[in-house]
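Have a look at input.cif below; it lists mmCIF, C-alpha atoms.
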data_query
loop_
_atom_site.label_atom_id
_atom_site.label_comp_id
_atom_site.auth_asym_id
_atom_site.auth_seq_id
_atom_site.Cartn_x
_atom_site.Cartn_y
_atom_site.Cartn_z
CA MET F 210 75.27 158.06 74.67
CA ASN F 211 78.21 160.38 74.47
CA ASP F 212 81.01 157.86 74.62
CA ALA F 213 84.34 159.15 73.41
CA LEU F 214 86.45 156.51 71.67
CA TYR F 215 89.93 157.32 70.43
CA GLU F 216 92.63 154.94 69.20
CA LEU F 217 96.26 155.67 68.51
CA ILE F 218 99.04 153.43 67.20
CA VAL F 219 102.64 154.22 68.08
CA ALA F 220 105.47 152.29 66.42
CA ARG F 221 108.39 151.44 68.70
CA LYS F 222 111.77 152.49 67.41
CA PRO F 223 114.07 149.50 66.83
CA ARG F 224 116.27 148.96 69.84
CA PRO F 225 120.04 148.63 69.44
CA TYR F 226 120.04 144.94 70.33
CA ASP F 227 117.36 144.10 67.71
CA LEU F 228 119.92 144.18 64.92
CA ILE F 229 122.35 142.14 67.02
CA VAL F 230 119.68 139.49 67.63
CA ARG F 231 118.91 139.27 63.91
CA ILE F 232 122.61 138.91 63.04
CA LEU F 233 123.20 136.28 65.73
CA VAL F 234 120.23 134.19 64.59
CA ILE F 235 121.40 134.31 60.97
CA PHE F 236 124.94 133.48 62.08
CA LEU F 237 123.59 130.51 64.09
CA ILE F 238 121.69 129.22 61.06
CA ILE F 239 124.78 129.43 58.86
CA ALA F 240 127.01 127.90 61.56
CA VAL F 241 124.67 124.93 62.02
CA ALA F 242 124.32 124.37 58.28
CA VAL F 243 128.00 124.70 57.38
CA GLY F 244 129.65 123.58 60.61
CA GLY F 245 127.41 120.57 61.11
CA MET F 246 127.82 119.13 57.59
CA PRO F 247 131.06 117.21 58.35
CA PHE F 248 129.59 115.71 61.53
CA ILE F 249 125.97 114.88 60.80
CA GLY F 250 125.64 115.41 57.05
CA MET F 251 122.32 116.54 55.59
CA SER F 252 120.74 116.53 59.04
CA ALA F 253 122.68 119.75 59.75
CA PHE F 254 120.98 121.39 56.78
CA LEU F 255 117.58 120.24 58.03
CA ALA F 256 118.39 121.55 61.52
CA ALA F 257 119.36 124.92 60.00
CA VAL F 258 116.07 125.05 58.10
CA LEU F 259 114.20 124.23 61.33
CA ILE F 260 116.02 127.02 63.19
CA ALA F 261 115.25 129.43 60.34
CA VAL F 262 111.54 128.59 60.43
CA LEU F 263 111.38 128.93 64.21
CA ALA F 264 113.20 132.27 64.06
CA TYR F 265 110.88 133.50 61.31
CA TYR F 266 107.76 132.73 63.35
CA PHE F 267 108.88 133.34 66.94
CA ILE F 268 111.89 135.68 67.09
CA PHE F 269 111.75 138.12 64.16
CA PRO F 270 108.10 139.17 64.69
CA ARG F 271 108.91 140.20 68.26
CA LEU F 272 111.44 142.71 66.94
CA ASN F 273 108.84 144.75 65.01
CA VAL F 274 106.52 146.22 67.67
CA GLU F 275 103.71 148.76 67.72
CA TYR F 276 101.63 149.87 70.68
CA GLU F 277 97.94 150.70 70.38
CA TYR F 278 96.21 152.91 72.92
CA ALA F 279 92.42 152.71 72.90
CA LEU F 280 90.70 155.28 75.10
CA LEU F 281 87.00 154.78 75.76
CA ASN F 282 85.91 157.57 78.08
CA HIS F 283 88.21 157.01 81.08
CA ASP F 284 89.18 153.39 80.34
CA MET F 285 92.44 152.91 78.49
CA GLN F 286 93.43 149.64 76.88
CA ILE F 287 97.04 149.18 75.81
CA ASP F 288 97.79 146.48 73.25
CA VAL F 289 101.00 145.40 71.58
CA ILE F 290 101.03 144.48 67.89
CA TYR F 291 103.85 142.25 66.70
CA ASN F 292 104.90 142.45 63.06
CA ARG F 293 101.59 144.15 62.16
CA ALA F 294 99.90 140.77 62.46
CA LYS F 295 99.57 139.51 66.04
CA ARG F 296 97.86 141.49 68.78
CA LYS F 297 98.22 140.95 72.51
CA SER F 298 96.46 142.90 75.23
CA LEU F 299 98.94 144.27 77.76
CA MET F 300 96.75 146.09 80.26
CA ASN F 301 93.46 147.81 80.89
CA ILE F 302 93.54 150.81 83.20
CA ASP F 303 91.07 153.33 84.52
CA ILE F 304 92.85 156.66 84.15
CA GLN F 305 90.62 158.21 86.81
CA ALA F 306 92.43 156.00 89.34
CA ALA F 307 95.74 157.64 88.40
CA GLU F 308 97.41 159.85 90.96
CA ILE F 309 99.00 162.07 88.31
CA ILE F 310 99.51 162.20 84.56
CA ALA F 311 102.32 164.48 83.42
CA PRO F 312 105.13 164.65 80.87
CA ARG F 313 108.02 162.33 81.67
CA GLN F 314 110.47 165.14 82.43
CA SER F 315 108.03 167.13 84.58
CA PRO F 316 109.34 168.25 87.98
CA ARG F 317 105.91 167.35 89.42
CA LEU F 318 106.88 163.65 89.18
CA LYS F 319 109.89 163.90 91.49
CA SER F 320 107.87 162.95 94.57
CA PHE F 321 106.51 159.77 92.97
CA HIS F 322 108.62 156.63 93.29
CA PRO F 323 107.10 153.69 91.40
CA ASP F 324 107.71 150.05 92.24
CA LYS F 325 107.47 149.04 88.58
CA VAL F 326 107.78 150.95 85.29
CA TYR F 327 106.05 149.95 82.05
CA ASP F 328 107.35 151.69 78.94
CA TYR F 329 104.82 151.62 76.08
CA SER F 330 106.30 154.53 74.15
CA SER F 331 108.14 154.65 70.84
CA GLY F 332 111.55 155.06 72.45
CA ASN F 333 112.19 158.20 70.43
CA PRO F 334 114.05 160.68 72.69
CA SER F 335 112.44 163.73 71.03
CA ALA F 336 108.85 162.46 71.48
CA LYS F 337 106.61 163.88 74.18
CA VAL F 338 106.10 160.96 76.55
CA PHE F 339 103.61 161.12 79.40
CA ALA F 340 103.89 159.23 82.68
CA ILE F 341 100.82 157.80 84.38
CA HIS F 342 101.43 157.09 88.08
CA MET F 343 98.81 154.87 89.62
CA PRO F 344 98.26 151.96 91.99
CA LEU F 345 97.94 148.67 90.10
CA ASP F 346 97.88 145.19 91.65
CA GLN F 347 98.82 146.62 95.06
CA LYS F 348 101.95 148.30 93.67
CA ASN F 349 102.69 151.83 92.60
CA VAL F 350 103.41 151.70 88.88
CA CYS F 351 104.46 154.18 86.27
CA ILE F 352 103.22 153.71 82.71
CA TYR F 353 104.89 155.63 79.90
CA ILE F 354 102.71 156.38 76.90
CA GLU F 355 103.06 158.67 73.92
CA PRO F 356 99.66 160.29 73.23
CA ASP F 357 98.98 162.85 70.54
CA SER F 358 97.20 166.16 71.22
CA LYS F 359 93.72 164.75 70.54
CA MET F 360 94.22 161.92 73.04
CA ILE F 361 95.55 164.41 75.58
CA ASP F 362 92.37 166.46 75.16
CA HIS F 363 90.22 163.35 75.74
CA MET F 364 92.24 162.44 78.84
CA LYS F 365 92.04 165.99 80.16
CA GLN F 366 88.23 165.77 80.14
CA TRP F 367 88.31 162.87 82.60
CA MET F 368 91.36 163.75 84.68
CA GLY F 369 90.83 167.42 85.46
CA MET F 370 93.44 168.74 87.88
CA LYS F 371 95.41 165.48 88.03
CA MET F 372 96.66 165.92 84.46
CA TYR F 373 99.45 168.33 83.65
CA GLN F 374 100.82 169.31 80.26
CA ASP F 375 103.81 171.40 81.48
#
Let me see the file written as structure tokens.
Amino acid sequence: MNDALYELIVARKPRPYDLIVRILVIFLIIAVAVGGMPFIGMSAFLAAVLIAVLAYYFIFPRLNVEYEYALLNHDMQIDVIYNRAKRKSLMNIDIQAAEIIAPRQSPRLKSFHPDKVYDYSSGNPSAKVFAIHMPLDQKNVCIYIEPDSKMIDHMKQWMGMKMYQD
């Protein structure tokens, strides 16, 4: 068997609203603890602790995100990893079903108009992001990924003339 397996992890750059969310959650915890003391006493402190625990387990991990691309021959699996601890599978695609794979800024993509766009890149403006245009669930979708040169070589083997590196 000559199966080619390649995995790549790309860390998403923190978005501008991530810091705002963190500050607002901390502000809410303090406001409940301090502002609720005159009205409900120690129950306000317990409510603040409950909010802090819920934020620690459900909100803050969602702000630290990495994407993992696993390419096995022509099947690509894209997973999201939250806080380097929890993994969730986002999608499995067959890249041979793609209409075109090209860099995001390529003029070859001007004729493609997707119904839905999935961005699984780092969000870094200087990174080389590729767009995969393909039919998925009876819609034309565009998937943004950020492969390295080795993954591009593996994809080129299966895509042939439908993959451009401009």
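Distances from F:Tyr291, F:Phe269, F:Phe339, F:Tyr278 to Ile229 (chain F) were compared using all atoms listed in the file, and the smallest one belongs to F:Phe269.
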Q) So which residues get picked by the PyMOL selection byres ((chain F and resi 341) around 7) here, written as number ranges by chain? A) F: 307, 309-311, 339-340, 342-343, 351-353
The PyMOL selection byres ((chain F and resi 336) around 12) on the file shown: which residues, as a PDB file with C-alpha atoms, keeping the file's coordinate frame?
ATOM      1  CA  VAL F 219     102.640 154.220  68.080  1.00  0.00           C
ATOM      2  CA  ALA F 220     105.470 152.290  66.420  1.00  0.00           C
ATOM      3  CA  ARG F 221     108.390 151.440  68.700  1.00  0.00           C
ATOM      4  CA  LYS F 222     111.770 152.490  67.410  1.00  0.00           C
ATOM      5  CA  PRO F 312     105.130 164.650  80.870  1.00  0.00           C
ATOM      6  CA  ARG F 313     108.020 162.330  81.670  1.00  0.00           C
ATOM      7  CA  GLN F 314     110.470 165.140  82.430  1.00  0.00           C
ATOM      8  CA  SER F 330     106.300 154.530  74.150  1.00  0.00           C
ATOM      9  CA  SER F 331     108.140 154.650  70.840  1.00  0.00           C
ATOM     10  CA  GLY F 332     111.550 155.060  72.450  1.00  0.00           C
ATOM     11  CA  ASN F 333     112.190 158.200  70.430  1.00  0.00           C
ATOM     12  CA  PRO F 334     114.050 160.680  72.690  1.00  0.00           C
ATOM     13  CA  SER F 335     112.440 163.730  71.030  1.00  0.00           C
ATOM     14  CA  LYS F 337     106.610 163.880  74.180  1.00  0.00           C
ATOM     15  CA  VAL F 338     106.100 160.960  76.550  1.00  0.00           C
ATOM     16  CA  PHE F 339     103.610 161.120  79.400  1.00  0.00           C
ATOM     17  CA  TYR F 353     104.890 155.630  79.900  1.00  0.00           C
ATOM     18  CA  ILE F 354     102.710 156.380  76.900  1.00  0.00           C
ATOM     19  CA  GLU F 355     103.060 158.670  73.920  1.00  0.00           C
ATOM     20  CA  PRO F 356      99.660 160.290  73.230  1.00  0.00           C
ATOM     21  CA  ASP F 357      98.980 162.850  70.540  1.00  0.00           C
TER      22      ASP F 357
END
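Here CA of Ile235 (chain F) is placed at a distance of 16.8 Å from CA of Asn273 (chain F).
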Q) Skipping near chain neighbours, those fewer than 2 positions away, what residues fall within 9 Å of region 258-265 of chain F using all atoms listed in the file, listed as a ChimeraX atom specification? A) /F:234-235,237-238,241-242,253-256,267-270
Q) Around (96.1, 147.9, 90.6) in the file's own coordinates, what residues are found within 8 Å if you use only C-alpha atoms, given back as a VMD selection string? A) chain F and resid 343 to 349
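Using all atoms listed in the file, the smallest distance between any of F:Leu217, F:Ile304, F:Ala240, F:Leu318 and Asp288 (chain F) comes from F:Leu217.
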Q.
Report, in Å to a single decimal, how far apart CA of Met360 (chain F) and CA of Gln374 (chain F) are.
A. 12.3 Å
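Closest to Lys325 (chain F) among F:Gln305, F:Leu299, F:Val350, F:Asn282 is F:Val350, based on all atoms listed in the file.
The residue set within 8 Å of Ile287 (chain F), counting all atoms listed in the file and dropping same-chain residues fewer than 3 places from it, reads F:Tyr276, F:Glu277, F:Tyr278, F:Ala279, F:Ser298, F:Leu299, F:Met300, F:Asn301.
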Selected residues written out with C-alpha atoms, as a PDB file, keeping the file's coordinate frame:
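Output below, filename part.pdb:
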ATOM      1  CA  TYR F 276     101.630 149.870  70.680  1.00  0.00           C
ATOM      2  CA  GLU F 277      97.940 150.700  70.380  1.00  0.00           C
ATOM      3  CA  TYR F 278      96.210 152.910  72.920  1.00  0.00           C
ATOM      4  CA  ALA F 279      92.420 152.710  72.900  1.00  0.00           C
ATOM      5  CA  SER F 298      96.460 142.900  75.230  1.00  0.00           C
ATOM      6  CA  LEU F 299      98.940 144.270  77.760  1.00  0.00           C
ATOM      7  CA  MET F 300      96.750 146.090  80.260  1.00  0.00           C
ATOM      8  CA  ASN F 301      93.460 147.810  80.890  1.00  0.00           C
TER       9      ASN F 301
END
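CA of Asp284 (chain F) is found 11.4 Å from CA of Met368 (chain F).
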(Q) I'd like to know which of F:Met246, F:Val274, F:Leu214, F:Leu233 is closest to Lys295 (chain F), using all atoms listed in the file. (A) F:Val274
Using the incomplete input, complete region 271-287 of chain F to the level of N, CA and C atoms; output as a compact mmCIF listing (two decimals), in the coordinates of the input.
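Wrote result-v8.txt, looks like this:
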# COMPACT_ATOMS: atom_id res chain seq x y z
N ARG F 271 108.82 139.49 66.99
CA ARG F 271 108.91 140.20 68.26
C ARG F 271 109.82 141.43 68.19
N LEU F 272 110.54 141.58 67.10
CA LEU F 272 111.44 142.71 66.94
C LEU F 272 110.78 143.89 66.25
N ASN F 273 109.59 143.69 65.67
CA ASN F 273 108.84 144.75 65.01
C ASN F 273 107.57 144.98 65.84
N VAL F 274 107.57 146.03 66.66
CA VAL F 274 106.52 146.22 67.67
C VAL F 274 105.84 147.57 67.50
N GLU F 275 104.52 147.55 67.66
CA GLU F 275 103.71 148.76 67.72
C GLU F 275 102.82 148.67 68.95
N TYR F 276 102.54 149.82 69.55
CA TYR F 276 101.63 149.87 70.68
C TYR F 276 100.36 150.58 70.24
N GLU F 277 99.22 150.05 70.67
CA GLU F 277 97.94 150.70 70.38
C GLU F 277 97.30 151.11 71.69
N TYR F 278 96.93 152.40 71.77
CA TYR F 278 96.21 152.91 72.92
C TYR F 278 94.77 153.13 72.48
N ALA F 279 93.84 152.51 73.17
CA ALA F 279 92.42 152.71 72.90
C ALA F 279 91.80 153.34 74.14
N LEU F 280 91.27 154.54 73.98
CA LEU F 280 90.70 155.28 75.10
C LEU F 280 89.20 155.38 74.90
N LEU F 281 88.46 154.71 75.76
CA LEU F 281 87.00 154.78 75.76
C LEU F 281 86.58 155.45 77.05
N ASN F 282 86.20 156.71 76.92
CA ASN F 282 85.91 157.57 78.08
C ASN F 282 87.13 157.60 79.01
N HIS F 283 87.07 156.98 80.16
CA HIS F 283 88.21 157.01 81.08
C HIS F 283 88.90 155.66 81.20
N ASP F 284 88.53 154.71 80.35
CA ASP F 284 89.18 153.39 80.34
C ASP F 284 90.17 153.33 79.19
N MET F 285 91.41 153.00 79.51
CA MET F 285 92.44 152.91 78.49
C MET F 285 92.91 151.46 78.38
N GLN F 286 92.91 150.97 77.16
CA GLN F 286 93.43 149.64 76.88
C GLN F 286 94.70 149.80 76.07
N ILE F 287 95.76 149.12 76.51
CA ILE F 287 97.04 149.18 75.81
C ILE F 287 97.33 147.80 75.26
